[in-house]
file input_18.pdb (PDB, C-alpha atoms and all ligand atoms)
ATOM      1  CA  PRO A   1     -26.120 -70.122  -9.321  1.00  0.00           C
ATOM      2  CA  THR A   2     -29.757 -69.073  -9.553  1.00  0.00           C
ATOM      3  CA  PRO A   3     -30.766 -65.729 -11.101  1.00  0.00           C
ATOM      4  CA  VAL A   4     -31.562 -64.487  -7.593  1.00  0.00           C
ATOM      5  CA  GLN A   5     -28.099 -65.484  -6.348  1.00  0.00           C
ATOM      6  CA  ILE A   6     -26.500 -63.683  -9.290  1.00  0.00           C
ATOM      7  CA  ARG A   7     -28.554 -60.555  -8.576  1.00  0.00           C
ATOM      8  CA  THR A   8     -27.409 -60.688  -4.951  1.00  0.00           C
ATOM      9  CA  LEU A   9     -23.774 -61.202  -5.962  1.00  0.00           C
ATOM     10  CA  GLU A  10     -23.970 -58.175  -8.260  1.00  0.00           C
ATOM     11  CA  LYS A  11     -25.473 -55.959  -5.577  1.00  0.00           C
ATOM     12  CA  THR A  12     -22.906 -57.173  -3.030  1.00  0.00           C
ATOM     13  CA  ALA A  13     -19.983 -56.492  -5.394  1.00  0.00           C
ATOM     14  CA  ARG A  14     -21.255 -52.963  -6.074  1.00  0.00           C
ATOM     15  CA  THR A  15     -21.577 -52.234  -2.364  1.00  0.00           C
ATOM     16  CA  ALA A  16     -18.138 -53.724  -1.625  1.00  0.00           C
ATOM     17  CA  ALA A  17     -16.440 -51.299  -4.036  1.00  0.00           C
ATOM     18  CA  ARG A  18     -17.420 -48.427  -1.728  1.00  0.00           C
ATOM     19  CA  ALA A  19     -14.901 -49.718   0.819  1.00  0.00           C
ATOM     20  CA  ALA A  20     -12.067 -49.890  -1.706  1.00  0.00           C
ATOM     21  CA  TYR A  21      -8.784 -48.437  -0.459  1.00  0.00           C
ATOM     22  CA  ALA A  22      -7.312 -47.211  -3.737  1.00  0.00           C
ATOM     23  CA  PRO A  23      -5.587 -43.845  -3.097  1.00  0.00           C
ATOM     24  CA  TYR A  24      -2.804 -44.588  -5.614  1.00  0.00           C
ATOM     25  CA  SER A  25      -4.609 -46.033  -8.623  1.00  0.00           C
ATOM     26  CA  LYS A  26      -7.941 -44.324  -7.868  1.00  0.00           C
ATOM     27  CA  PHE A  27      -9.449 -47.454  -9.401  1.00  0.00           C
ATOM     28  CA  PRO A  28     -11.932 -48.916  -6.912  1.00  0.00           C
ATOM     29  CA  VAL A  29     -13.005 -52.527  -7.390  1.00  0.00           C
ATOM     30  CA  GLY A  30     -15.601 -54.661  -5.590  1.00  0.00           C
ATOM     31  CA  ALA A  31     -16.016 -58.427  -5.715  1.00  0.00           C
ATOM     32  CA  ALA A  32     -18.470 -60.988  -4.376  1.00  0.00           C
ATOM     33  CA  VAL A  33     -18.049 -64.761  -4.254  1.00  0.00           C
ATOM     34  CA  LEU A  34     -20.683 -67.487  -3.979  1.00  0.00           C
ATOM     35  CA  MET A  35     -19.355 -70.499  -2.089  1.00  0.00           C
ATOM     36  CA  GLY A  36     -20.432 -74.140  -1.993  1.00  0.00           C
ATOM     37  CA  ASN A  37     -22.525 -73.632   1.131  1.00  0.00           C
ATOM     38  CA  GLY A  38     -24.585 -70.955  -0.633  1.00  0.00           C
ATOM     39  CA  ARG A  39     -23.052 -68.117   1.329  1.00  0.00           C
ATOM     40  CA  ILE A  40     -21.713 -64.929  -0.223  1.00  0.00           C
ATOM     41  CA  TYR A  41     -18.559 -63.088   0.838  1.00  0.00           C
ATOM     42  CA  SER A  42     -17.337 -59.742  -0.446  1.00  0.00           C
ATOM     43  CA  GLY A  43     -14.073 -57.880  -0.869  1.00  0.00           C
ATOM     44  CA  CYS A  44     -12.505 -54.732  -2.277  1.00  0.00           C
ATOM     45  CA  ASN A  45      -9.030 -53.818  -3.454  1.00  0.00           C
ATOM     46  CA  VAL A  46      -6.670 -52.725  -0.692  1.00  0.00           C
ATOM     47  CA  GLU A  47      -3.618 -50.798  -1.868  1.00  0.00           C
ATOM     48  CA  ASN A  48      -0.340 -49.987  -0.128  1.00  0.00           C
ATOM     49  CA  ALA A  49       2.302 -47.259  -0.292  1.00  0.00           C
ATOM     50  CA  SER A  50       4.610 -50.103  -1.276  1.00  0.00           C
ATOM     51  CA  PHE A  51       2.753 -50.589  -4.569  1.00  0.00           C
ATOM     52  CA  GLY A  52       3.608 -54.251  -5.077  1.00  0.00           C
ATOM     53  CA  LEU A  53       1.603 -55.172  -2.008  1.00  0.00           C
ATOM     54  CA  CYS A  54      -1.743 -54.040  -3.429  1.00  0.00           C
ATOM     55  CA  ASN A  55      -4.413 -56.729  -3.068  1.00  0.00           C
ATOM     56  CA  CYS A  56      -7.184 -57.100  -5.630  1.00  0.00           C
ATOM     57  CA  ALA A  57     -10.875 -57.182  -4.716  1.00  0.00           C
ATOM     58  CA  GLU A  58     -11.199 -60.748  -5.998  1.00  0.00           C
ATOM     59  CA  ARG A  59      -8.502 -62.071  -3.696  1.00  0.00           C
ATOM     60  CA  THR A  60      -9.778 -60.085  -0.723  1.00  0.00           C
ATOM     61  CA  ALA A  61     -13.222 -61.690  -1.187  1.00  0.00           C
ATOM     62  CA  LEU A  62     -11.861 -65.177  -1.743  1.00  0.00           C
ATOM     63  CA  PHE A  63      -9.435 -65.031   1.182  1.00  0.00           C
ATOM     64  CA  THR A  64     -12.270 -63.817   3.398  1.00  0.00           C
ATOM     65  CA  ALA A  65     -14.324 -66.858   2.354  1.00  0.00           C
ATOM     66  CA  ALA A  66     -11.348 -69.168   2.939  1.00  0.00           C
ATOM     67  CA  ALA A  67     -10.801 -67.649   6.383  1.00  0.00           C
ATOM     68  CA  ALA A  68     -14.438 -68.513   7.155  1.00  0.00           C
ATOM     69  CA  GLY A  69     -13.690 -72.130   6.221  1.00  0.00           C
ATOM     70  CA  GLN A  70     -15.236 -71.993   2.732  1.00  0.00           C
ATOM     71  CA  ARG A  71     -13.061 -73.596   0.069  1.00  0.00           C
ATOM     72  CA  SER A  72     -15.482 -74.270  -2.762  1.00  0.00           C
ATOM     73  CA  LEU A  73     -16.009 -71.342  -5.128  1.00  0.00           C
ATOM     74  CA  ARG A  74     -18.935 -71.429  -7.562  1.00  0.00           C
ATOM     75  CA  CYS A  75     -19.270 -67.913  -8.924  1.00  0.00           C
ATOM     76  CA  ILE A  76     -17.445 -64.577  -8.659  1.00  0.00           C
ATOM     77  CA  VAL A  77     -18.742 -61.153  -9.670  1.00  0.00           C
ATOM     78  CA  VAL A  78     -16.337 -58.251 -10.210  1.00  0.00           C
ATOM     79  CA  TYR A  79     -17.605 -54.671 -10.301  1.00  0.00           C
ATOM     80  CA  THR A  80     -15.816 -51.497 -11.344  1.00  0.00           C
ATOM     81  CA  PRO A  81     -17.451 -48.051 -11.547  1.00  0.00           C
ATOM     82  CA  THR A  82     -16.301 -47.687 -15.151  1.00  0.00           C
ATOM     83  CA  ARG A  83     -17.903 -47.662 -18.597  1.00  0.00           C
ATOM     84  CA  THR A  84     -16.363 -51.005 -19.555  1.00  0.00           C
ATOM     85  CA  ALA A  85     -16.124 -54.219 -17.527  1.00  0.00           C
ATOM     86  CA  THR A  86     -12.847 -55.282 -15.891  1.00  0.00           C
ATOM     87  CA  MET A  87     -11.604 -58.864 -15.927  1.00  0.00           C
ATOM     88  CA  PRO A  88      -9.683 -60.542 -13.062  1.00  0.00           C
ATOM     89  CA  CYS A  89      -5.911 -60.155 -13.331  1.00  0.00           C
ATOM     90  CA  GLY A  90      -3.629 -63.144 -13.870  1.00  0.00           C
ATOM     91  CA  ALA A  91      -2.781 -63.516 -10.186  1.00  0.00           C
ATOM     92  CA  CYS A  92      -6.470 -63.584  -9.247  1.00  0.00           C
ATOM     93  CA  ARG A  93      -7.242 -66.158 -11.944  1.00  0.00           C
ATOM     94  CA  GLN A  94      -4.663 -68.437 -10.339  1.00  0.00           C
ATOM     95  CA  VAL A  95      -6.180 -67.913  -6.872  1.00  0.00           C
ATOM     96  CA  ILE A  96      -9.695 -68.526  -8.238  1.00  0.00           C
ATOM     97  CA  ASN A  97      -8.443 -71.801  -9.749  1.00  0.00           C
ATOM     98  CA  GLU A  98      -7.302 -72.996  -6.326  1.00  0.00           C
ATOM     99  CA  PHE A  99     -10.830 -72.968  -4.874  1.00  0.00           C
ATOM    100  CA  GLY A 100     -13.009 -73.224  -7.979  1.00  0.00           C
ATOM    101  CA  PRO A 101     -11.526 -74.514 -11.236  1.00  0.00           C
ATOM    102  CA  GLU A 102     -14.988 -74.396 -12.852  1.00  0.00           C
ATOM    103  CA  THR A 103     -15.979 -71.005 -11.436  1.00  0.00           C
ATOM    104  CA  ARG A 104     -18.365 -68.777 -13.353  1.00  0.00           C
ATOM    105  CA  VAL A 105     -16.843 -65.315 -13.715  1.00  0.00           C
ATOM    106  CA  ILE A 106     -19.062 -62.274 -14.237  1.00  0.00           C
ATOM    107  CA  SER A 107     -17.803 -58.726 -14.741  1.00  0.00           C
ATOM    108  CA  ILE A 108     -20.119 -55.748 -14.431  1.00  0.00           C
ATOM    109  CA  CYS A 109     -19.671 -51.997 -14.542  1.00  0.00           C
ATOM    110  CA  ASP A 110     -21.662 -48.774 -14.799  1.00  0.00           C
ATOM    111  CA  GLY A 111     -21.941 -49.083 -18.562  1.00  0.00           C
ATOM    112  CA  ALA A 112     -23.920 -51.547 -20.653  1.00  0.00           C
ATOM    113  CA  GLN A 113     -21.047 -54.016 -20.928  1.00  0.00           C
ATOM    114  CA  ARG A 114     -21.376 -57.260 -19.006  1.00  0.00           C
ATOM    115  CA  ILE A 115     -18.999 -60.187 -19.428  1.00  0.00           C
ATOM    116  CA  GLU A 116     -19.927 -63.748 -18.433  1.00  0.00           C
ATOM    117  CA  THR A 117     -17.290 -66.414 -18.783  1.00  0.00           C
ATOM    118  CA  THR A 118     -15.647 -69.285 -16.915  1.00  0.00           C
ATOM    119  CA  LEU A 119     -12.305 -69.782 -15.226  1.00  0.00           C
ATOM    120  CA  PRO A 120     -11.204 -72.502 -17.711  1.00  0.00           C
ATOM    121  CA  SER A 121     -11.677 -69.954 -20.515  1.00  0.00           C
ATOM    122  CA  LEU A 122      -9.637 -67.348 -18.642  1.00  0.00           C
ATOM    123  CA  LEU A 123      -6.887 -69.699 -17.453  1.00  0.00           C
ATOM    124  CA  PRO A 124      -6.655 -72.756 -19.719  1.00  0.00           C
ATOM    125  CA  GLY A 125      -4.307 -75.522 -18.631  1.00  0.00           C
ATOM    126  CA  ALA A 126      -4.055 -74.111 -15.130  1.00  0.00           C
ATOM    127  CA  PHE A 127      -1.490 -75.295 -12.617  1.00  0.00           C
ATOM    128  CA  GLY A 128      -3.354 -76.411  -9.510  1.00  0.00           C
ATOM    129  CA  PRO A 129      -3.512 -78.583  -6.399  1.00  0.00           C
ATOM    130  CA  ALA A 130      -3.650 -81.838  -8.411  1.00  0.00           C
ATOM    131  CA  ASP A 131      -0.200 -81.118  -9.850  1.00  0.00           C
ATOM    132  CA  LEU A 132       1.265 -81.446  -6.354  1.00  0.00           C
ATOM    133  CA  ALA A 133      -0.532 -84.671  -5.492  1.00  0.00           C
TER     134      ALA A 133
HETATM  135  N1  LIG B 201      -7.673 -54.520  -9.315  1.00  0.00           N
HETATM  136  C1  LIG B 201      -8.597 -55.327  -8.735  1.00  0.00           C
HETATM  137  O1  LIG B 201      -8.896 -55.201  -7.541  1.00  0.00           O
HETATM  138  N2  LIG B 201      -9.201 -56.272  -9.491  1.00  0.00           N
HETATM  139  C2  LIG B 201      -9.054 -56.391 -10.848  1.00  0.00           C
HETATM  140  O2  LIG B 201      -9.682 -57.244 -11.454  1.00  0.00           O
HETATM  141  C3  LIG B 201      -8.121 -55.482 -11.544  1.00  0.00           C
HETATM  142  C4  LIG B 201      -7.237 -54.678 -10.682  1.00  0.00           C
HETATM  143  C5  LIG B 201      -7.101 -53.441  -8.501  1.00  0.00           C
HETATM  144  C6  LIG B 201      -5.663 -53.594  -8.140  1.00  0.00           C
HETATM  145  C7  LIG B 201      -5.268 -52.152  -7.897  1.00  0.00           C
HETATM  146  O3  LIG B 201      -5.637 -51.782  -6.585  1.00  0.00           O
HETATM  147  C8  LIG B 201      -6.136 -51.368  -8.875  1.00  0.00           C
HETATM  148  O4  LIG B 201      -7.208 -52.226  -9.223  1.00  0.00           O
HETATM  149  C9  LIG B 201      -5.407 -50.932 -10.124  1.00  0.00           C
HETATM  150  O5  LIG B 201      -4.741 -51.976 -10.721  1.00  0.00           O
END

call {"tool": "encode", "arguments": {"input": "input_18.pdb", "output": "structure tokens"}}
result
Amino acid sequence: PTPVQIRTLEKTARTAARAAYAPYSKFPVGAAVLMGNGRIYSGCNVENASFGLCNCAERTALFTAAAAGQRSLRCIVVYTPTRTATMPCGACRQVINEFGPETRVISICDGAQRIETTLPSLLPGAFGPADLA
């Protein structure tokens, strides 16, 4: 991704967090994904009274992209309005692997902390589509 694309992803993730439905955790999260076609999709966490059904911002964004026919993930930005950056949970790492095993992962927050890493660092030796081939 270009610096401009990363700036746009960051802004999109911040805006997406405003739509978070997080009445139980009170922990809003926004995410933005850059797909192979250059388009950006966003998502927020969507919780449920049946707690186990809560959906993370990362998966909301990625499923939105998939529903638009986009299956090639290049970069994901996660934003939380906190002092420290939040990393994608284990379930989201697995879902990211499905569409972008080399994805760049960036976490930003309201503090100075900013984490830039890659999916292979976060989920080494991932199980994926090739294992079923
Ligand atoms: N959450 C995310 O949306 N993304 C993360 O990376 C961490 C956790 C959500 C799930 C739940 O709605 C709330 O944050 C607290 O776990």

call {"tool": "closest_residue", "arguments": {"input": "input_18.pdb", "among": "A:Thr15, A:Ser107, A:Gln70, A:Thr64", "to": "ligand LIG 201 (chain B)", "atoms": "only C-alpha atoms and all ligand atoms"}}
result
A:Ser107

call {"tool": "atom_distance", "arguments": {"input": "input_18.pdb", "atom1": "CA of Pro28 in chain A", "atom2": "CA of Thr80 in chain A"}}
result
6.4 Å

call {"tool": "residues_near_ligand", "arguments": {"input": "input_18.pdb", "ligand": "ligand LIG 201 (chain B)", "cutoff": "10 Å", "atoms": "all atoms listed in the file", "output": "JSON, numbers by chain"}}
result
{"A": [17, 20, 21, 22, 23, 24, 25, 26, 27, 28, 29, 30, 31, 43, 44, 45, 46, 47, 48, 51, 52, 53, 54, 55, 56, 57, 58, 59, 60, 78, 79, 80, 85, 86, 87, 88, 89, 90, 91, 92, 93, 107]}

call {"tool": "atom_distance", "arguments": {"input": "input_18.pdb", "atom1": "CA of Gly100 in chain A", "atom2": "CA of Pro81 in chain A"}}
result
25.8 Å

call {"tool": "resolve_selection", "arguments": {"input": "input_18.pdb", "expression": "the PyMOL selection byres (((chain A and resi 129) around 12) and not hetatm)", "output": "ChimeraX atom specification"}}
result
/A:94-101,126-128,130-133

call {"tool": "resolve_selection", "arguments": {"input": "input_18.pdb", "expression": "the PyMOL selection byres (((chain A and resi 77) around 9) and not hetatm)", "output": "list of chain:residue names"}}
result
A:Ile6, A:Leu9, A:Glu10, A:Thr12, A:Ala13, A:Gly30, A:Ala31, A:Ala32, A:Val33, A:Leu34, A:Glu58, A:Cys75, A:Ile76, A:Val78, A:Tyr79, A:Arg104, A:Val105, A:Ile106, A:Ser107, A:Ile108

call {"tool": "atom_distance", "arguments": {"input": "input_18.pdb", "atom1": "CA of Arg39 in chain A", "atom2": "CA of Gly111 in chain A"}}
result
27.6 Å

call {"tool": "build_atoms", "arguments": {"input": "input_18.pdb", "residues": "range 50-63 of chain A", "atoms": "N, CA, C and O atoms", "output": "mmCIF file, keeping the file's coordinate frame"}}
result
data_model
loop_
_atom_site.group_PDB
_atom_site.id
_atom_site.type_symbol
_atom_site.label_atom_id
_atom_site.label_comp_id
_atom_site.auth_asym_id
_atom_site.auth_seq_id
_atom_site.Cartn_x
_atom_site.Cartn_y
_atom_site.Cartn_z
ATOM 1 N N SER A 50 3.675 -49.230 -0.566
ATOM 2 C CA SER A 50 4.610 -50.103 -1.276
ATOM 3 C C SER A 50 3.776 -50.817 -2.341
ATOM 4 O O SER A 50 3.106 -51.824 -2.070
ATOM 5 N N PHE A 51 3.756 -50.240 -3.550
ATOM 6 C CA PHE A 51 2.753 -50.589 -4.569
ATOM 7 C C PHE A 51 2.578 -52.087 -4.829
ATOM 8 O O PHE A 51 1.485 -52.552 -5.095
ATOM 9 N N GLY A 52 3.674 -52.829 -4.755
ATOM 10 C CA GLY A 52 3.608 -54.251 -5.077
ATOM 11 C C GLY A 52 2.749 -55.056 -4.116
ATOM 12 O O GLY A 52 2.430 -56.205 -4.387
ATOM 13 N N LEU A 53 2.393 -54.452 -3.011
ATOM 14 C CA LEU A 53 1.603 -55.172 -2.008
ATOM 15 C C LEU A 53 0.103 -54.969 -2.171
ATOM 16 O O LEU A 53 -0.680 -55.451 -1.356
ATOM 17 N N CYS A 54 -0.313 -54.260 -3.214
ATOM 18 C CA CYS A 54 -1.743 -54.040 -3.429
ATOM 19 C C CYS A 54 -2.465 -55.375 -3.584
ATOM 20 O O CYS A 54 -1.962 -56.281 -4.240
ATOM 21 N N ASN A 55 -3.628 -55.494 -2.955
ATOM 22 C CA ASN A 55 -4.413 -56.729 -3.068
ATOM 23 C C ASN A 55 -5.708 -56.455 -3.831
ATOM 24 O O ASN A 55 -6.429 -55.514 -3.509
ATOM 25 N N CYS A 56 -5.988 -57.278 -4.810
ATOM 26 C CA CYS A 56 -7.184 -57.100 -5.630
ATOM 27 C C CYS A 56 -8.453 -57.468 -4.863
ATOM 28 O O CYS A 56 -8.430 -58.280 -3.926
ATOM 29 N N ALA A 57 -9.566 -56.910 -5.316
ATOM 30 C CA ALA A 57 -10.875 -57.182 -4.716
ATOM 31 C C ALA A 57 -11.205 -58.679 -4.750
ATOM 32 O O ALA A 57 -11.746 -59.225 -3.778
ATOM 33 N N GLU A 58 -10.876 -59.325 -5.848
ATOM 34 C CA GLU A 58 -11.199 -60.748 -5.998
ATOM 35 C C GLU A 58 -10.519 -61.570 -4.913
ATOM 36 O O GLU A 58 -11.120 -62.462 -4.308
ATOM 37 N N ARG A 59 -9.224 -61.294 -4.706
ATOM 38 C CA ARG A 59 -8.502 -62.071 -3.696
ATOM 39 C C ARG A 59 -8.948 -61.710 -2.289
ATOM 40 O O ARG A 59 -9.015 -62.574 -1.409
ATOM 41 N N THR A 60 -9.268 -60.448 -2.040
ATOM 42 C CA THR A 60 -9.778 -60.085 -0.723
ATOM 43 C C THR A 60 -11.045 -60.885 -0.420
ATOM 44 O O THR A 60 -11.194 -61.449 0.675
ATOM 45 N N ALA A 61 -11.956 -60.962 -1.389
ATOM 46 C CA ALA A 61 -13.222 -61.690 -1.187
ATOM 47 C C ALA A 61 -12.974 -63.179 -0.977
ATOM 48 O O ALA A 61 -13.539 -63.795 -0.061
ATOM 49 N N LEU A 62 -12.110 -63.734 -1.810
ATOM 50 C CA LEU A 62 -11.861 -65.177 -1.743
ATOM 51 C C LEU A 62 -11.103 -65.566 -0.474
ATOM 52 O O LEU A 62 -11.381 -66.608 0.135
ATOM 53 N N PHE A 63 -10.171 -64.735 -0.049
ATOM 54 C CA PHE A 63 -9.435 -65.031 1.182
ATOM 55 C C PHE A 63 -10.351 -64.880 2.401
ATOM 56 O O PHE A 63 -10.192 -65.595 3.396
#
